[in-house]
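Notes for the one structure printed next.
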Amino acid sequence: MKQMQRNVSDTYNAALYLRLSKDDTDIDGSAKTESNSIGNQRELLRSFVKSQPDIQIFDIYVDDGYSGSNFDRPEFKRMTSDIEAGKVNCVIVKDLSRFGREYIEAGRLIQKIYPAFHVRFIAVTDHFDSKTANTSEKSLVVPIKNFVNDSYCRDISAKVRSHQKMKRENGEFIGAFAPYGYQKDVKNKNCLVVDEYAADVVRKIYTWKMEGLSLGAIAEKLNTRHILSPKEYKKSLGEKDYSGFQSTESPKWSAVQIKRILTNEVYIGNMVQGKQERISYKVKKRLDKPEEEWVRVENTHPAVIRQSDFDIVQKLLQYDGRASKSSEGANLFSGFLFCGDCKTPMIRRVNQYKGKKTAFYICQTKNKGGNCTRHSIPEETLKTIVLKEIQTYSSVFMDYQRIMEEMKGIEIGYDQIIHCDTQISRLQEEYHKCCALRVSLYDDLRDGIISKEEFQEFRDIYGKKCEELEMMIENQKQMVKQMFEHGVAAAIQLEEWKKSLELKELDRTLLALAVDKIYIYENKQIMILLRYQDIVVALHTAGG
């Protein structure tokens, strides 16, 4: 603020400054304290001015919803401009906390800047008037009250953070705006409910990605169909200042927005919050937190995307390269095809001879001059082999649903499967034998059959073997548990696979549904890893 010389007139042109922020609410989000409401402040200050014959109102400046921890407020800045222009020579506030809670800057303004501009400062309920205040009030009372206000701001900030942390850990949504595809429950603003229109758009985005479209192509597809972007959609619903999934000023869909939607766990029913934090209660800037410090709570609200589809998309995002210039999406096998020896992704090449184009894949390492071989395979040959493998695998387990229904019909449960699992039974039998041998070592030592050194050696060997068997048993039990937890998802996948029996050509959707990875070896061998293969085999064995 530039210092300006001016004459003090007999009548003061006053700026009535009013401020209210979230700091003035109860921690549980209840209504603002009535004594601090904007209406109450306005009425109080107007009444005060009426009792002062030497003061007239020039303008009223209202910052509603702005913290007092700093002075970066639009109306405060406008008031400052009017002071610098000589339009205002008196500032009136309800109390010092309405002026600001940052005691250093508040003190500098009241004690140095305003006097230099011959600006009178009045805090009504604090009974402070710079025109009549003595030295003690100016140098002691005001600084102490400003310091107390600053301390209050710091304390309330700590309480708010603690309360928000508790809500996050309970899986309650505390964001200002619901993510695209959801709305806040009208009965409980901390719960999310599905917005069917936007959720359908989200489902289309995931489907198009699994079909091989690039992020940019998906955005263009949405824009061409004139589907409102998240920001514009929220505006159409009457919501203001929406900022979710928005990286530019453009109202159109962008690749950045598409990627955020495709990587957000909120769509599988998980609440992930606390990704950022403010530097301090005085600084608005936020810093990203490491992922291990995020608060993740599963199954807090209805999912709009299946877990299996979400997992597929994450894999595609990890491996999908840039789409070719002649295509709007990734190549058919992009993200699935790898060299069997060096494990790097295979790359697609096209040869043209006498007007005929032939596509094939080769090892990326070899293509870059690295220490590997070509592992070349024609694309059409690969498509035929993979489709045949999927069809064969699907036909083998066509009776999967029957098996599941039979298991449900006899009300078979997790504990029964554990008891009947032949692998677990074999491991447990071996474990009991090993434990018995370990115990018998004491008899052998007592009878002099083995020495103390041999006793210690054998005891360590059998002890280690028992630990290994315990771990193997636990792993097998986890496999059965996973079978129950993901059995439904596997059933859904197999239902999709069944459709492949009628397909004549492999497409990227089927590939994403059925295949995990494909490895190509130099000796023309191909290893195809199918999704849910271990779980399905285990269920088939249990049902048989």
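Residues are named by chain letter and number: chains run A, B, ... in the order of the structure tokens, numbers start at 1 in each chain, and ligands are numbered from 1 in the order shown.
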Worksheet item: Skipping near chain neighbours, those fewer than 4 positions away, what residues fall within 6 Å of range 354-366 of chain A using only C-alpha atoms, listed as an MDAnalysis selection string?
Response: chainID A and resid 339 346:350 370 372:379
* **Neighbour list for Gln273 in chain A as a list in words, cut-off 8 Å, only C-alpha atoms, skip fewer than 5 positions in-chain** =>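 Near Gln273 in chain A, the qualifying residues are Arg168, Trp294, Val295 and Arg296 of chain A.
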Q.
I'd like to know which residues of range 48-215 of chain A are helix (DSSP H, G or I) (by DSSP, run on the backbone); could you write them as an NGL selection string?
A. :A and (48-50 or 74-84 or 96-99 or 103-116 or 135-169 or 196-210 or 215)
message = Here is a test: counting only C-alpha atoms, which residue of A:Arg73, A:Lys187, A:Lys452, A:Lys87 is nearest to Ile57 in chain A?
response =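 Ranked by minimum distance to Ile57 in chain A, first place goes to A:Lys87.
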CA of Leu16 in chain A sits from CA of Val93 in chain A at a separation of 6.2 Å
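Checking A:Gln456, A:Gln56, A:Thr384, A:Asn70 one by one against Ile104 in chain A, counting only C-alpha atoms, you find the shortest gap at A:Asn70.
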(message) Could you check the closest approach to Cys342 in chain A for each of A:Asn371, A:Val62, A:Lys275, A:Phe76 and tell me which residue wins, using only C-alpha atoms?
(response)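 Smallest separation from Cys342 in chain A among the options: A:Asn371.
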* Asked: Which distance in Å separates CA of Lys234 in chain A and CA of Ile305 in chain A, to one decimal?
  ->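 Here the two named atoms are 20.9 Å from each other.
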query: Contacts of Leu427 in chain A at 10 Å or less, counting only C-alpha atoms, minus same-chain residues fewer than 3 places along, as a list in words?
result: Thr422, Gln423, Ile424, Glu430, Tyr431, His432, Lys433, Leu469, Glu470, Met472, Ile473 and Gln476 of chain A
Go ahead and save the picked residues with N, CA, C and O atoms, as a PDB file, in the first residue's frame.
```
ATOM      1  N   THR A 422      -7.971 -81.315  -1.289  1.00  0.00           N
ATOM      2  CA  THR A 422      -6.978 -82.395  -1.232  1.00  0.00           C
ATOM      3  C   THR A 422      -5.566 -81.864  -1.028  1.00  0.00           C
ATOM      4  O   THR A 422      -4.748 -82.510  -0.361  1.00  0.00           O
ATOM      5  N   GLN A 423      -5.269 -80.719  -1.597  1.00  0.00           N
ATOM      6  CA  GLN A 423      -3.931 -80.153  -1.450  1.00  0.00           C
ATOM      7  C   GLN A 423      -3.668 -79.764   0.004  1.00  0.00           C
ATOM      8  O   GLN A 423      -2.603 -80.035   0.555  1.00  0.00           O
ATOM      9  N   ILE A 424      -4.677 -79.147   0.638  1.00  0.00           N
ATOM     10  CA  ILE A 424      -4.528 -78.760   2.039  1.00  0.00           C
ATOM     11  C   ILE A 424      -4.398 -80.008   2.907  1.00  0.00           C
ATOM     12  O   ILE A 424      -3.573 -80.060   3.830  1.00  0.00           O
ATOM     13  N   GLU A 430       1.534 -84.003   5.875  1.00  0.00           N
ATOM     14  CA  GLU A 430       2.996 -83.896   5.876  1.00  0.00           C
ATOM     15  C   GLU A 430       3.480 -83.057   7.054  1.00  0.00           C
ATOM     16  O   GLU A 430       4.509 -83.361   7.674  1.00  0.00           O
ATOM     17  N   TYR A 431       2.711 -82.031   7.403  1.00  0.00           N
ATOM     18  CA  TYR A 431       3.069 -81.154   8.523  1.00  0.00           C
ATOM     19  C   TYR A 431       3.038 -81.941   9.834  1.00  0.00           C
ATOM     20  O   TYR A 431       3.960 -81.850  10.667  1.00  0.00           O
ATOM     21  N   HIS A 432       2.005 -82.743  10.044  1.00  0.00           N
ATOM     22  CA  HIS A 432       1.880 -83.525  11.276  1.00  0.00           C
ATOM     23  C   HIS A 432       3.005 -84.554  11.392  1.00  0.00           C
ATOM     24  O   HIS A 432       3.540 -84.802  12.487  1.00  0.00           O
ATOM     25  N   LYS A 433       3.378 -85.168  10.262  1.00  0.00           N
ATOM     26  CA  LYS A 433       4.492 -86.127  10.267  1.00  0.00           C
ATOM     27  C   LYS A 433       5.789 -85.439  10.663  1.00  0.00           C
ATOM     28  O   LYS A 433       6.579 -85.979  11.457  1.00  0.00           O
ATOM     29  N   LEU A 469       5.864 -75.653   5.645  1.00  0.00           N
ATOM     30  CA  LEU A 469       4.581 -76.300   5.421  1.00  0.00           C
ATOM     31  C   LEU A 469       3.429 -75.433   5.936  1.00  0.00           C
ATOM     32  O   LEU A 469       2.363 -75.363   5.310  1.00  0.00           O
ATOM     33  N   GLU A 470       3.635 -74.791   7.077  1.00  0.00           N
ATOM     34  CA  GLU A 470       2.617 -73.884   7.613  1.00  0.00           C
ATOM     35  C   GLU A 470       2.309 -72.765   6.624  1.00  0.00           C
ATOM     36  O   GLU A 470       1.144 -72.402   6.405  1.00  0.00           O
ATOM     37  N   MET A 472       2.807 -72.869   3.356  1.00  0.00           N
ATOM     38  CA  MET A 472       2.160 -73.441   2.174  1.00  0.00           C
ATOM     39  C   MET A 472       0.676 -73.706   2.440  1.00  0.00           C
ATOM     40  O   MET A 472      -0.179 -73.475   1.568  1.00  0.00           O
ATOM     41  N   ILE A 473       0.356 -74.174   3.648  1.00  0.00           N
ATOM     42  CA  ILE A 473      -1.043 -74.420   4.016  1.00  0.00           C
ATOM     43  C   ILE A 473      -1.822 -73.111   4.025  1.00  0.00           C
ATOM     44  O   ILE A 473      -2.940 -73.026   3.511  1.00  0.00           O
ATOM     45  N   GLN A 476      -2.475 -71.887   0.547  1.00  0.00           N
ATOM     46  CA  GLN A 476      -3.541 -72.644  -0.100  1.00  0.00           C
ATOM     47  C   GLN A 476      -4.907 -72.218   0.431  1.00  0.00           C
ATOM     48  O   GLN A 476      -5.876 -72.113  -0.327  1.00  0.00           O
TER      49      GLN A 476
END
```
All residues 12 Å or closer to Thr224 in chain A, only C-alpha atoms, same chain fewer than 6 positions away omitted, as a count of residues only:
4
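Interatomic distance, CA of Leu96 in chain A against CA of Ile55 in chain A: 19.5 Å.
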Q: Using only C-alpha atoms, pick whichever of A:Ile526, A:Met210, A:Ala15, A:Val297 has the shortest atom-to-atom distance to Leu382 in chain A.
A: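 Of the candidates, the smallest distance to Leu382 in chain A is held by A:Ile526.
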Need to verify the contact set: range 435-449 of chain A, 7 Å, only C-alpha atoms, exclusion of same-chain residues closer than 4 positions in sequence. Can you return it as a short mmCIF file (atom, residue, chain, number, x, y, z; two decimals) with all heavy atoms, in the first residue's frame?
```cif
data_model
loop_
_atom_site.label_atom_id
_atom_site.label_comp_id
_atom_site.auth_asym_id
_atom_site.auth_seq_id
_atom_site.Cartn_x
_atom_site.Cartn_y
_atom_site.Cartn_z
N TYR A 431 2.71 -82.03 7.40
CA TYR A 431 3.07 -81.15 8.52
C TYR A 431 3.04 -81.94 9.83
O TYR A 431 3.96 -81.85 10.67
CB TYR A 431 2.10 -79.98 8.58
CG TYR A 431 2.26 -79.11 9.81
CD1 TYR A 431 3.29 -78.19 9.91
CD2 TYR A 431 1.36 -79.21 10.86
CE1 TYR A 431 3.45 -77.40 11.04
CE2 TYR A 431 1.50 -78.42 12.00
CZ TYR A 431 2.54 -77.51 12.08
OH TYR A 431 2.68 -76.74 13.21
N PHE A 455 21.09 -83.71 17.44
CA PHE A 455 19.76 -83.31 17.90
C PHE A 455 19.46 -81.87 17.49
O PHE A 455 18.38 -81.58 16.96
CB PHE A 455 19.69 -83.44 19.43
CG PHE A 455 18.47 -82.80 20.03
CD1 PHE A 455 17.24 -83.44 20.01
CD2 PHE A 455 18.54 -81.53 20.61
CE1 PHE A 455 16.12 -82.85 20.55
CE2 PHE A 455 17.43 -80.93 21.14
CZ PHE A 455 16.20 -81.59 21.12
N ARG A 459 16.69 -80.86 14.74
CA ARG A 459 15.60 -80.04 15.25
C ARG A 459 15.43 -78.77 14.39
O ARG A 459 14.31 -78.36 14.08
CB ARG A 459 15.83 -79.67 16.70
CG ARG A 459 14.61 -78.98 17.33
CD ARG A 459 14.82 -78.68 18.77
NE ARG A 459 15.82 -77.62 18.96
CZ ARG A 459 16.05 -77.02 20.14
NH1 ARG A 459 15.36 -77.39 21.21
NH2 ARG A 459 16.97 -76.10 20.23
N TYR A 462 13.90 -79.90 10.90
CA TYR A 462 12.47 -80.17 10.98
C TYR A 462 11.67 -78.91 11.32
O TYR A 462 10.54 -78.74 10.86
CB TYR A 462 12.20 -81.27 12.02
CG TYR A 462 12.64 -82.65 11.57
CD1 TYR A 462 13.34 -83.50 12.43
CD2 TYR A 462 12.36 -83.11 10.28
CE1 TYR A 462 13.75 -84.75 12.04
CE2 TYR A 462 12.77 -84.37 9.88
CZ TYR A 462 13.46 -85.19 10.75
OH TYR A 462 13.87 -86.44 10.35
N CYS A 466 8.67 -77.44 9.07
CA CYS A 466 7.34 -77.19 9.60
C CYS A 466 6.87 -75.77 9.27
O CYS A 466 5.70 -75.56 8.93
CB CYS A 466 7.32 -77.40 11.12
SG CYS A 466 7.37 -79.14 11.62
#
```
Check: If you count only C-alpha atoms, which residues fall within 9 Å of Tyr12 in chain A, apart from same-chain ones fewer than 5 positions away, as a PyMOL selection string?
Finding: chain A and resi 54-58+88-90+119-120
